[in-house]
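With mmCIF, C-alpha atoms and all ligand atoms inside, this is structure.cif:
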```cif
data_data
#
loop_
_atom_site.label_atom_id
_atom_site.label_comp_id
_atom_site.auth_asym_id
_atom_site.auth_seq_id
_atom_site.Cartn_x
_atom_site.Cartn_y
_atom_site.Cartn_z
CA MET A 277 -21.34 113.77 56.99
CA LYS A 278 -22.30 111.90 53.83
CA ILE A 279 -19.47 112.14 51.33
CA GLU A 280 -20.53 111.75 47.71
CA LYS A 281 -17.20 112.15 46.00
CA VAL A 282 -13.57 113.08 46.51
CA GLU A 283 -11.54 114.53 43.65
CA ILE A 284 -7.78 114.72 43.69
CA ARG A 285 -6.07 116.82 41.06
CA GLU A 286 -2.70 118.31 40.29
CA ILE A 287 -2.42 121.88 39.12
CA ARG A 288 0.65 123.71 37.82
CA MET A 289 1.24 127.34 38.73
CA PRO A 290 4.33 129.39 37.79
CA LEU A 291 5.61 131.67 40.58
CA VAL A 292 5.91 135.37 39.72
CA HIS A 293 9.43 135.28 41.18
CA PHE A 294 11.59 132.22 41.85
CA PHE A 295 11.95 131.13 45.48
CA GLU A 296 15.33 129.82 46.60
CA THR A 297 16.24 128.13 49.88
CA SER A 298 19.29 126.22 51.06
CA PHE A 299 17.94 123.20 49.17
CA GLY A 300 17.28 124.79 45.81
CA ARG A 301 15.25 127.07 43.59
CA THR A 302 11.54 126.73 42.75
CA THR A 303 10.08 128.46 39.70
CA GLU A 304 6.85 126.54 39.18
CA ARG A 305 4.64 124.85 41.75
CA ARG A 306 2.94 121.49 41.29
CA ILE A 307 0.08 121.50 43.75
CA VAL A 308 -2.23 118.59 44.58
CA LEU A 309 -5.70 119.79 45.53
CA VAL A 310 -8.43 117.77 47.20
CA ARG A 311 -12.08 118.59 46.57
CA VAL A 312 -14.73 116.88 48.68
CA LEU A 313 -18.43 116.87 47.82
CA ALA A 314 -20.68 116.11 50.77
CA ASP A 315 -24.16 117.03 51.98
CA GLY A 316 -24.59 119.21 48.89
CA LEU A 317 -21.50 121.22 49.89
CA CYS A 318 -17.99 121.38 48.50
CA GLY A 319 -14.76 121.66 50.51
CA TRP A 320 -11.19 122.21 49.37
CA GLY A 321 -7.80 121.19 50.73
CA GLU A 322 -4.22 121.63 49.50
CA VAL A 323 -1.19 119.36 49.75
CA THR A 324 1.62 121.75 50.68
CA CYS A 325 4.63 119.57 49.82
CA GLY A 326 7.39 120.73 47.50
CA GLU A 327 8.00 119.27 44.06
CA LYS A 328 11.12 117.47 45.30
CA PRO A 329 11.64 115.54 48.55
CA PHE A 330 13.94 118.17 50.10
CA TYR A 331 11.92 120.06 52.72
CA SER A 332 10.24 116.76 53.60
CA TYR A 333 10.05 113.34 51.96
CA GLU A 334 6.58 114.09 50.59
CA THR A 335 6.14 114.97 46.91
CA PRO A 336 3.04 115.38 44.71
CA GLU A 337 3.51 111.72 43.71
CA THR A 338 3.62 110.35 47.26
CA ALA A 339 0.66 112.49 48.28
CA TRP A 340 -1.33 111.25 45.28
CA HIS A 341 -0.56 107.64 46.20
CA ILE A 342 -1.37 108.02 49.88
CA LEU A 343 -4.60 109.91 49.19
CA ARG A 344 -5.85 107.69 46.38
CA ASP A 345 -4.88 104.32 47.83
CA PHE A 346 -5.38 104.89 51.57
CA LEU A 347 -6.78 108.12 53.01
CA VAL A 348 -9.67 108.69 50.62
CA PRO A 349 -10.87 105.04 50.48
CA TRP A 350 -10.69 104.81 54.30
CA THR A 351 -12.62 108.04 54.72
CA LEU A 352 -15.30 106.84 52.30
CA ALA A 353 -15.55 103.35 53.80
CA GLN A 354 -15.50 104.02 57.53
CA GLU A 355 -17.93 105.61 59.95
CA TRP A 356 -16.58 108.60 61.83
CA LYS A 357 -18.35 111.21 63.91
CA SER A 358 -15.86 114.03 64.17
CA LEU A 359 -12.74 115.28 62.41
CA PRO A 360 -10.47 114.52 65.40
CA GLU A 361 -11.85 110.97 65.24
CA LEU A 362 -11.06 110.77 61.51
CA ALA A 363 -7.56 112.14 62.14
CA GLU A 364 -7.10 109.34 64.67
CA ARG A 365 -8.08 106.79 61.96
CA PHE A 366 -5.30 108.17 59.77
CA ARG A 367 -2.73 107.49 62.47
CA PRO A 368 -1.65 103.97 61.34
CA ILE A 369 -0.18 105.63 58.25
CA ARG A 370 3.18 106.81 59.45
CA GLY A 371 3.95 110.36 58.39
CA HIS A 372 2.57 111.69 55.08
CA ASN A 373 1.14 114.56 57.09
CA MET A 374 0.71 116.86 54.09
CA ALA A 375 -1.50 114.31 52.32
CA LYS A 376 -3.51 113.83 55.54
CA ALA A 377 -3.86 117.58 56.08
CA ALA A 378 -5.23 118.20 52.57
CA LEU A 379 -8.12 115.81 53.11
CA GLU A 380 -8.82 116.70 56.74
CA ASN A 381 -8.75 120.43 56.02
CA ALA A 382 -11.18 120.05 53.08
CA LEU A 383 -13.56 118.40 55.55
CA TRP A 384 -13.10 121.28 58.04
CA ASP A 385 -14.09 123.60 55.20
CA ILE A 386 -17.30 121.61 54.67
CA GLU A 387 -17.99 121.48 58.40
CA ALA A 388 -17.72 125.27 58.63
CA GLN A 389 -20.19 125.64 55.76
CA ARG A 390 -22.57 123.13 57.35
CA LYS A 391 -22.51 125.01 60.65
CA ALA A 392 -22.63 128.34 58.78
CA VAL A 393 -19.61 129.76 60.64
CA PRO A 394 -16.31 131.13 59.33
CA LEU A 395 -13.64 128.42 59.26
CA ALA A 396 -11.56 130.61 61.59
CA ARG A 397 -14.28 130.46 64.25
CA LEU A 398 -14.84 126.73 63.82
CA VAL A 399 -11.17 125.97 64.50
CA GLY A 400 -11.15 128.19 67.59
CA GLY A 401 -9.92 131.50 66.19
CA THR A 402 -10.51 134.60 68.26
CA ARG A 403 -8.77 137.29 66.22
CA ASP A 404 -10.25 139.06 63.18
CA GLU A 405 -7.00 140.47 61.83
CA ILE A 406 -3.68 138.62 61.61
CA PRO A 407 -0.15 140.09 61.59
CA CYS A 408 1.86 139.30 58.45
CA GLY A 409 5.51 138.92 57.61
CA VAL A 410 7.25 137.86 54.42
CA SER A 411 9.74 135.12 53.67
CA ILE A 412 12.29 136.20 51.09
CA GLY A 413 14.42 133.61 49.35
CA ILE A 414 18.08 133.64 48.45
CA GLU A 415 18.56 136.20 45.65
CA ASP A 416 21.19 136.51 42.91
CA SER A 417 22.83 139.40 44.75
CA VAL A 418 22.66 141.18 48.11
CA GLY A 419 21.56 144.34 46.28
CA GLU A 420 18.51 142.58 44.87
CA LEU A 421 17.69 141.20 48.32
CA LEU A 422 17.90 144.68 49.88
CA ASP A 423 15.61 146.07 47.16
CA LYS A 424 13.07 143.33 47.83
CA ILE A 425 13.14 143.97 51.57
CA GLU A 426 12.58 147.68 50.99
CA LYS A 427 9.59 146.97 48.74
CA GLU A 428 8.00 144.60 51.28
CA LEU A 429 8.47 147.08 54.12
CA GLU A 430 6.85 149.79 52.01
CA ALA A 431 3.90 147.44 51.49
CA GLY A 432 3.53 147.34 55.29
CA TYR A 433 4.78 143.86 56.24
CA GLN A 434 5.62 143.64 59.94
CA ARG A 435 8.69 141.46 59.77
CA ILE A 436 11.21 140.18 57.29
CA LYS A 437 12.46 136.61 57.11
CA VAL A 438 15.39 135.80 54.87
CA LYS A 439 16.82 132.45 53.91
CA ILE A 440 20.41 131.70 54.85
CA LYS A 441 22.91 128.96 54.04
CA PRO A 442 26.69 128.63 54.37
CA GLY A 443 28.11 131.31 52.06
CA TRP A 444 24.92 133.43 52.28
CA ASP A 445 24.64 134.26 55.95
CA VAL A 446 26.64 136.54 58.26
CA GLU A 447 27.67 139.09 55.60
CA VAL A 448 24.16 139.16 54.14
CA ILE A 449 22.54 139.75 57.53
CA GLU A 450 25.14 142.40 58.27
CA SER A 451 24.23 144.25 55.04
CA ILE A 452 20.54 144.06 55.90
CA ARG A 453 21.18 145.43 59.38
CA LYS A 454 23.27 148.31 57.97
CA LYS A 455 20.38 149.43 55.79
CA PHE A 456 17.51 148.48 58.14
CA PRO A 457 18.94 148.72 61.70
CA SER A 458 15.72 148.09 63.62
CA VAL A 459 13.45 146.10 61.31
CA PRO A 460 12.03 142.94 62.93
CA LEU A 461 14.25 140.40 61.17
CA MET A 462 14.81 136.65 61.28
CA ALA A 463 16.72 134.02 59.31
CA ASP A 464 15.68 130.55 58.15
CA ALA A 465 18.43 128.01 57.39
CA ASN A 466 16.26 125.03 56.42
CA SER A 467 18.72 122.63 58.08
CA ALA A 468 21.79 123.89 56.22
CA TYR A 469 24.16 123.78 59.22
CA LYS A 470 25.75 121.28 61.58
CA LEU A 471 26.59 121.56 65.24
CA THR A 472 30.23 122.09 64.19
CA ASP A 473 29.06 125.41 62.63
CA THR A 474 28.18 126.75 66.10
CA GLY A 475 30.95 129.38 65.89
CA ARG A 476 29.56 130.72 62.62
CA LEU A 477 25.99 130.78 63.93
CA LYS A 478 27.11 132.60 67.08
CA LEU A 479 28.23 135.48 64.83
CA LEU A 480 24.52 136.06 64.10
CA ASP A 481 23.85 136.91 67.76
CA GLN A 482 25.15 140.47 67.23
CA PHE A 483 22.33 141.34 64.76
CA ASN A 484 19.37 141.24 67.14
CA LEU A 485 17.42 138.65 65.13
CA MET A 486 13.97 137.71 66.41
CA MET A 487 14.93 134.07 65.89
CA ILE A 488 16.89 131.69 63.71
CA GLU A 489 14.70 129.01 62.15
CA GLN A 490 15.74 125.36 61.83
CA PRO A 491 19.52 125.80 61.67
CA LEU A 492 20.32 122.08 62.14
CA GLY A 493 19.06 118.68 60.97
CA TRP A 494 15.47 118.30 59.78
CA ASP A 495 15.08 115.30 62.09
CA ASP A 496 17.09 116.60 65.01
CA LEU A 497 16.14 117.88 68.46
CA LEU A 498 19.19 117.11 70.57
CA ASP A 499 21.79 119.12 68.67
CA HIS A 500 19.39 122.07 68.53
CA ALA A 501 19.27 121.94 72.35
CA ARG A 502 23.07 122.00 72.43
CA LEU A 503 23.17 124.89 69.97
CA GLN A 504 20.47 126.86 71.81
CA ARG A 505 22.64 126.77 74.95
CA GLU A 506 25.38 128.54 72.97
CA LEU A 507 23.21 131.13 71.21
CA SER A 508 21.44 134.15 72.64
CA THR A 509 19.22 134.30 69.51
CA PRO A 510 16.11 132.15 70.04
CA ILE A 511 15.90 129.03 67.88
CA CYS A 512 12.58 128.41 66.14
CA LEU A 513 11.88 124.88 64.95
CA ASP A 514 10.10 124.16 61.66
CA GLU A 515 11.08 120.85 59.97
CA SER A 516 11.64 118.99 63.29
CA ILE A 517 8.08 119.43 64.62
CA HIS A 518 5.32 117.12 63.32
CA CYS A 519 2.92 116.96 66.25
CA ALA A 520 2.31 118.23 69.78
CA ASP A 521 4.47 115.45 71.20
CA ASP A 522 7.50 116.61 69.19
CA ALA A 523 6.94 120.12 70.56
CA ARG A 524 6.67 118.81 74.13
CA LYS A 525 10.03 117.05 73.79
CA ALA A 526 11.69 119.99 72.05
CA ILE A 527 10.55 122.41 74.74
CA GLU A 528 11.50 120.01 77.55
CA ILE A 529 15.11 119.69 76.38
CA GLY A 530 15.44 123.35 75.35
CA ALA A 531 15.80 122.69 71.61
CA CYS A 532 13.86 125.86 70.75
CA ARG A 533 12.14 128.89 72.24
CA ILE A 534 9.66 129.46 69.40
CA ILE A 535 7.71 127.09 67.13
CA ASN A 536 6.58 127.51 63.53
CA ILE A 537 3.28 125.67 63.00
CA LYS A 538 2.47 124.58 59.44
CA LEU A 539 -0.83 122.84 58.77
CA GLY A 540 0.66 120.47 56.21
CA ARG A 541 3.74 119.48 58.18
CA VAL A 542 1.70 118.68 61.31
CA GLY A 543 -1.11 116.85 59.46
CA GLY A 544 -4.06 119.24 59.55
CA PHE A 545 -6.20 121.34 61.87
CA THR A 546 -6.68 118.72 64.59
CA SER A 547 -2.95 118.34 65.13
CA ALA A 548 -2.22 122.06 64.65
CA ARG A 549 -4.76 122.98 67.34
CA ARG A 550 -3.20 120.52 69.80
CA LEU A 551 0.24 121.90 69.09
CA HIS A 552 -1.01 125.45 69.58
CA GLU A 553 -2.68 124.46 72.86
CA LEU A 554 0.51 122.81 74.13
CA CYS A 555 2.67 125.82 73.21
CA LEU A 556 0.20 128.24 74.83
CA SER A 557 0.31 126.21 78.04
CA LYS A 558 4.12 126.25 78.04
CA GLY A 559 4.33 129.94 77.16
CA VAL A 560 6.12 129.20 73.87
CA PRO A 561 5.28 131.69 71.08
CA VAL A 562 4.06 130.23 67.78
CA TRP A 563 3.46 131.58 64.30
CA CYS A 564 2.05 130.18 61.07
CA GLY A 565 4.58 129.13 58.44
CA GLY A 566 3.96 129.06 54.71
CA MET A 567 4.71 126.63 51.87
CA LEU A 568 4.18 128.82 48.79
CA GLU A 569 0.52 127.86 48.90
CA SER A 570 -2.16 128.63 46.38
CA GLY A 571 -5.15 130.58 47.66
CA ILE A 572 -6.70 127.45 49.11
CA GLY A 573 -3.85 126.56 51.45
CA ARG A 574 -3.42 130.27 52.14
CA ALA A 575 -7.06 130.57 53.25
CA HIS A 576 -6.52 127.67 55.68
CA ASN A 577 -3.39 129.37 57.02
CA ILE A 578 -5.36 132.56 57.63
CA ALA A 579 -7.97 130.65 59.63
CA LEU A 580 -5.26 128.97 61.72
CA SER A 581 -3.51 132.28 62.35
CA THR A 582 -6.59 133.66 64.14
CA LEU A 583 -6.02 131.32 67.10
CA PRO A 584 -5.02 133.24 70.24
CA GLY A 585 -1.42 131.98 70.43
CA PHE A 586 -0.45 133.14 66.93
CA ARG A 587 0.85 136.53 68.05
CA LEU A 588 4.04 136.69 66.02
CA PRO A 589 3.70 137.67 62.34
CA GLY A 590 3.50 134.58 60.13
CA ASP A 591 4.70 133.75 56.60
CA VAL A 592 1.17 134.33 55.36
CA SER A 593 1.21 137.11 52.81
CA ALA A 594 -0.62 138.47 49.76
CA SER A 595 -1.52 136.26 46.77
CA ARG A 596 0.19 138.80 44.50
CA ARG A 597 3.62 137.96 45.92
CA TYR A 598 3.33 134.46 44.44
CA TRP A 599 0.81 134.41 41.59
CA SER A 600 -0.13 136.61 38.68
CA GLU A 601 -3.64 135.25 39.24
CA ASP A 602 -4.65 133.22 42.29
CA ILE A 603 -7.23 130.43 42.19
CA ILE A 604 -9.53 131.99 44.79
CA GLU A 605 -11.77 135.05 44.77
CA PRO A 606 -11.16 137.52 46.17
CA GLU A 607 -7.40 137.00 46.23
CA VAL A 608 -5.62 137.46 49.57
CA THR A 609 -4.61 141.08 50.16
CA VAL A 610 -2.64 142.71 52.94
CA THR A 611 -3.57 146.02 54.61
CA PRO A 612 -1.09 148.93 54.72
CA ARG A 613 -0.52 148.04 58.40
CA GLY A 614 0.69 144.57 57.38
CA THR A 615 -2.30 142.50 58.35
CA ILE A 616 -4.84 140.23 56.69
CA LEU A 617 -8.48 140.62 57.67
CA ALA A 618 -9.93 137.20 58.43
CA PRO A 619 -13.06 136.52 56.39
CA THR A 620 -16.33 136.82 58.29
CA VAL A 621 -18.53 134.76 55.95
CA PRO A 622 -19.26 131.04 56.54
CA GLY A 623 -16.71 128.47 55.38
CA LEU A 624 -13.32 129.19 53.82
CA GLY A 625 -14.25 132.81 53.13
CA TYR A 626 -12.78 132.78 49.63
CA THR A 627 -14.35 131.14 46.58
CA PRO A 628 -12.16 128.76 44.57
CA ASN A 629 -12.44 129.62 40.88
CA LEU A 630 -13.31 126.20 39.48
CA ALA A 631 -13.04 127.21 35.82
CA ARG A 632 -9.56 128.56 36.39
CA ILE A 633 -8.57 125.52 38.45
CA GLU A 634 -9.76 123.25 35.63
CA ARG A 635 -7.58 125.16 33.17
CA LEU A 636 -4.52 124.65 35.39
CA THR A 637 -5.23 120.96 36.01
CA ALA A 638 -2.63 118.52 34.73
CA ARG A 639 -4.40 115.37 36.00
CA LYS A 640 -7.47 114.51 37.99
CA GLU A 641 -9.02 111.45 39.57
CA SER A 642 -12.44 110.98 41.18
CA LEU A 643 -13.15 108.53 43.98
CA GLU A 644 -16.69 107.66 45.10
O1 LIG B 1 11.05 126.76 55.57
O2 LIG B 1 9.45 128.08 55.87
C1 LIG B 1 10.09 127.35 55.12
C2 LIG B 1 8.77 127.65 51.55
C3 LIG B 1 8.88 126.34 51.13
C4 LIG B 1 9.42 125.41 51.98
C5 LIG B 1 9.84 125.78 53.26
C6 LIG B 1 9.70 127.09 53.70
C7 LIG B 1 9.19 128.04 52.81
C8 LIG B 1 9.09 129.45 53.12
C9 LIG B 1 8.10 130.24 52.31
O3 LIG B 1 9.80 130.02 53.91
C10 LIG B 1 6.98 130.77 53.08
C11 LIG B 1 5.94 131.34 52.15
O4 LIG B 1 6.08 132.48 51.75
O5 LIG B 1 4.98 130.61 51.81
MG MG B 2 11.27 127.18 57.61
#
```
Could you express the structure from this file as structure tokens?
Amino acid sequence: MKIEKVEIREIRMPLVHFFETSFGRTTERRIVLVRVLADGLCGWGEVTCGEKPFYSYETPETAWHILRDFLVPWTLAQEWKSLPELAERFRPIRGHNMAKAALENALWDIEAQRKAVPLARLVGGTRDEIPCGVSIGIEDSVGELLDKIEKELEAGYQRIKVKIKPGWDVEVIESIRKKFPSVPLMADANSAYKLTDTGRLKLLDQFNLMMIEQPLGWDDLLDHARLQRELSTPICLDESIHCADDARKAIEIGACRIINIKLGRVGGFTSARRLHELCLSKGVPVWCGGMLESGIGRAHNIALSTLPGFRLPGDVSASRRYWSEDIIEPEVTVTPRGTILAPTVPGLGYTPNLARIERLTARKESLE
């Protein structure tokens, strides 16, 4: 691949509804996009980090620095024959997986166009329709949360995930279960609890949750293993898993029974495919997480979700839930049966609207 130019830019996009987790409320996204021009083609990638270093230490500023000063110059200067080989070159940089993923995934987009296959097929996808769930944040009241859940179920979504934190947990889940006794339901704590909260978390066992996501420390495996021994509800790890090796260790010590795979958190398609392979071989279910992505990151998530192990509904949902106008065409829509149809055309399968992206751009830098 002969790369002519790499552009990094930051866009600002207000969310149609705020999104609140145990670490705070987001109303506007700052998204760093990577655009690669090579072989007469153009590929896009998205940095999925939050605005603040709460979910992970990455921010738009750190991603900009790592891309501009390391990843992009290395990619332009070195010879590499395959994307797994390039991913291996990125390895000396510790962490910064979301910056790495944005660049690597833009190159996967180009590779799919070059080979004239849908990105989903190139990465090993076998499914043409993916099951979808929604992630609903902490709301101002339980009533508002129940209304939102009802609306999403009416739209067809196959499972509901709600955010929990101390003070917004057992009673909230109990109210949901009263109104929706058999809906596939799960809770995500984003590391809001400690092992000493085991008694509180055990109270959730009575509500038949599909799983509880990342209850304990973002960097912990051991305490999750201790907690899992006490809970009948399966633990799903999100923040703690950055590569296949993390998953191997987590599974070995019983820290989780399910794994959420996010392209950004694990560093791109090469790593995500390895993780998926490992989990398939161990019989551990996986699903694709979301990071309030624009259409570009969303399109990558859809491609990943077509891999055979992604059987549980993911947090990949319609553009409309996040944006009054997405930056891709067509926007992502969900069928009445709560699925997304994977695109069948070569490449990403959605066209980034460059004029609209330019209008949203707050800063841009080109590297050649
Ligand atoms: O923990 O899965 C998470 C959003 C931002 C940061 C972390 C998480 C989330 C979500 C939203 O749950 C998923 C989505 O709808 O994109
Ligand atoms: Mg999570």
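The shortest atom-to-atom distance to Asp602 in chain A, with all atoms listed in the file taken into account, belongs to A:Val292 out of A:Thr474, A:Ala378, A:Val292, A:Gly419.
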Review point. When you draw a straight line from CA of Glu644 in chain A to CA of Asp315 in chain A, how long is it in Å?
Key: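 Distance between the two atoms: 13.8 Å.
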Draw an axis-aligned box tight on the listed atoms of ligand LIG 1 (chain B), then pad every side by 4 Å and write out centre and edge lengths in Å to one decimal as JSON.
```
{"center_x": 8.0, "center_y": 128.9, "center_z": 53.5, "size_x": 14.1, "size_y": 15.1, "size_z": 12.7}
```
Review point. Excluding same-chain residues fewer than 5 positions from range 319-332 of chain A, what lies within 7 Å of it counting all atoms listed in the file, as number ranges by chain?
Key: A: 299, 305-313, 374-375, 378-379, 381-383, 385-386, 540, 567, 569, 572-573
Practice item. Write out as a list of chain:residue names each polymer residue whose atoms come within 6 Å of Gly409 in chain A, counting only C-alpha atoms; drop sequence neighbours fewer than 2 positions from it. Key: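 The neighbour list is A:Tyr433, A:Gln434, A:Arg435, A:Ile436, A:Pro589, A:Gly590, A:Asp591.
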Check your understanding: How many Å lie between CA of Phe586 in chain A and CA of Pro407 in chain A, rounded to one decimal?
Key ->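 Atom-to-atom, CA of Phe586 in chain A and CA of Pro407 in chain A are spaced 8.8 Å apart.
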Exercise for review: Could you give me, as a PyMOL selection string, the residues within 12 Å of Glu506 in chain A, counting all atoms listed in the file and dropping anything in the same chain fewer than 6 positions from it?
Suggested key: chain A and resi 471-481+499-500+530-531
Taking only C-alpha atoms and all ligand atoms into account, which residues have an atom no farther than 8 Å from ligand MG 2 (chain B)? I'd like them as a PDB file with C-alpha atoms, keeping the file's coordinate frame.
```pdb
ATOM      1  CA  ASP A 464      15.680 130.550  58.150  1.00  0.00           C
ATOM      2  CA  ALA A 465      18.430 128.010  57.390  1.00  0.00           C
ATOM      3  CA  ASN A 466      16.260 125.030  56.420  1.00  0.00           C
ATOM      4  CA  GLU A 489      14.700 129.010  62.150  1.00  0.00           C
ATOM      5  CA  GLN A 490      15.740 125.360  61.830  1.00  0.00           C
ATOM      6  CA  LEU A 513      11.880 124.880  64.950  1.00  0.00           C
ATOM      7  CA  ASP A 514      10.100 124.160  61.660  1.00  0.00           C
ATOM      8  CA  GLU A 515      11.080 120.850  59.970  1.00  0.00           C
ATOM      9  CA  ASN A 536       6.580 127.510  63.530  1.00  0.00           C
ATOM     10  CA  GLY A 565       4.580 129.130  58.440  1.00  0.00           C
TER      11      GLY A 565
END
```
Review point. Hey, which of A:Met486, A:Ala463, A:Ala339, A:Val393 ends up closest to ligand LIG 1 (chain B)? Count only C-alpha atoms and all ligand atoms.
Key: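 When distances to ligand LIG 1 (chain B) are compared using only C-alpha atoms and all ligand atoms, the smallest one comes from A:Ala463.
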Practice item. Write out as number ranges by chain which residues come within 12 Å of Lys455 in chain A when counting all atoms listed in the file, dropping same-chain ones fewer than 5 positions away. Key: A: 418-419, 421-423, 425-426, 448-450
Take the residues from that selection and put them in a file with C-alpha atoms, as a short mmCIF file (atom, residue, chain, number, x, y, z; two decimals), in the coordinates of the input.
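Result file out.cif:
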```cif
data_model
loop_
_atom_site.label_atom_id
_atom_site.label_comp_id
_atom_site.auth_asym_id
_atom_site.auth_seq_id
_atom_site.Cartn_x
_atom_site.Cartn_y
_atom_site.Cartn_z
CA VAL A 418 22.66 141.18 48.11
CA GLY A 419 21.56 144.34 46.28
CA LEU A 421 17.69 141.20 48.32
CA LEU A 422 17.90 144.68 49.88
CA ASP A 423 15.61 146.07 47.16
CA ILE A 425 13.14 143.97 51.57
CA GLU A 426 12.58 147.68 50.99
CA VAL A 448 24.16 139.16 54.14
CA ILE A 449 22.54 139.75 57.53
CA GLU A 450 25.14 142.40 58.27
#
```
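For the pair CA of Arg344 in chain A and CA of Ala377 in chain A, the interatomic distance is 14.0 Å.
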Review point. Do you know which residues are at most 9 Å from Leu554 in chain A counting only C-alpha atoms, after dropping those on the same chain fewer than 4 positions away, and could you put them as an NGL selection string?
Key: :A and (520-521 or 523-524 or 549-550 or 558-560)
Practice item. Could you check which of A:His552, A:Lys439, A:His293, A:His341 is closest to ligand LIG 1 (chain B), using all atoms listed in the file? Key: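 Nearest to ligand LIG 1 (chain B): A:Lys439.
Comparing A:Ile578, A:Leu643, A:Val610, A:Leu429 by their smallest distance to Val399 in chain A, the closest is A:Ile578 (using all atoms listed in the file).
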Practice item. Find, counting all atoms listed in the file, the residue in A:Phe366, A:Tyr626, A:Trp494, A:Phe545 that gets nearest to ligand LIG 1 (chain B). Key: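 That would be A:Trp494, the residue with the smallest distance to ligand LIG 1 (chain B).
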Study note, to complete from the structure: Of A:Ala468, A:Leu497, A:Val621, A:Val542, the one sitting nearest Glu380 in chain A when using all atoms listed in the file is A:Val542
Given the block above, output range 422-427 of chain A with all heavy atoms as an mmCIF file, in the first residue's frame.
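The resulting selection.cif:
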```
data_model
loop_
_atom_site.group_PDB
_atom_site.id
_atom_site.type_symbol
_atom_site.label_atom_id
_atom_site.label_comp_id
_atom_site.auth_asym_id
_atom_site.auth_seq_id
_atom_site.Cartn_x
_atom_site.Cartn_y
_atom_site.Cartn_z
ATOM 1 N N LEU A 422 -37.631 4.303 32.701
ATOM 2 C CA LEU A 422 -38.638 3.317 32.275
ATOM 3 C C LEU A 422 -39.263 3.714 30.935
ATOM 4 O O LEU A 422 -39.478 2.876 30.069
ATOM 5 C CB LEU A 422 -39.720 3.155 33.350
ATOM 6 C CG LEU A 422 -39.245 2.551 34.682
ATOM 7 C CD1 LEU A 422 -40.370 2.538 35.708
ATOM 8 C CD2 LEU A 422 -38.672 1.141 34.510
ATOM 9 N N ASP A 423 -39.515 5.022 30.762
ATOM 10 C CA ASP A 423 -40.067 5.491 29.486
ATOM 11 C C ASP A 423 -39.107 5.220 28.335
ATOM 12 O O ASP A 423 -39.514 4.822 27.248
ATOM 13 C CB ASP A 423 -40.359 7.004 29.542
ATOM 14 C CG ASP A 423 -41.558 7.322 30.435
ATOM 15 O OD1 ASP A 423 -42.292 6.376 30.798
ATOM 16 O OD2 ASP A 423 -41.742 8.509 30.783
ATOM 17 N N LYS A 424 -37.823 5.459 28.600
ATOM 18 C CA LYS A 424 -36.815 5.223 27.544
ATOM 19 C C LYS A 424 -36.761 3.748 27.179
ATOM 20 O O LYS A 424 -36.680 3.378 26.006
ATOM 21 C CB LYS A 424 -35.424 5.674 28.024
ATOM 22 C CG LYS A 424 -35.188 7.155 27.880
ATOM 23 C CD LYS A 424 -33.708 7.459 27.748
ATOM 24 C CE LYS A 424 -33.410 8.060 26.387
ATOM 25 N NZ LYS A 424 -31.991 8.270 26.153
ATOM 26 N N ILE A 425 -36.775 2.899 28.196
ATOM 27 C CA ILE A 425 -36.709 1.452 27.944
ATOM 28 C C ILE A 425 -37.900 1.025 27.080
ATOM 29 O O ILE A 425 -37.741 0.297 26.095
ATOM 30 C CB ILE A 425 -36.690 0.668 29.276
ATOM 31 C CG1 ILE A 425 -35.378 0.945 30.019
ATOM 32 C CG2 ILE A 425 -36.877 -0.834 29.027
ATOM 33 C CD1 ILE A 425 -35.303 0.350 31.418
ATOM 34 N N GLU A 426 -39.080 1.535 27.438
ATOM 35 C CA GLU A 426 -40.282 1.178 26.686
ATOM 36 C C GLU A 426 -40.153 1.563 25.211
ATOM 37 O O GLU A 426 -40.471 0.793 24.319
ATOM 38 C CB GLU A 426 -41.488 1.877 27.329
ATOM 39 C CG GLU A 426 -42.806 1.509 26.693
ATOM 40 C CD GLU A 426 -43.986 1.843 27.600
ATOM 41 O OE1 GLU A 426 -43.887 2.831 28.361
ATOM 42 O OE2 GLU A 426 -44.975 1.108 27.541
ATOM 43 N N LYS A 427 -39.625 2.770 24.995
ATOM 44 C CA LYS A 427 -39.473 3.280 23.629
ATOM 45 C C LYS A 427 -38.487 2.395 22.825
ATOM 46 O O LYS A 427 -38.728 2.068 21.675
ATOM 47 C CB LYS A 427 -38.970 4.728 23.714
ATOM 48 C CG LYS A 427 -38.947 5.464 22.404
ATOM 49 C CD LYS A 427 -38.522 6.916 22.600
ATOM 50 C CE LYS A 427 -37.286 7.224 21.813
ATOM 51 N NZ LYS A 427 -36.045 7.404 22.437
#
```
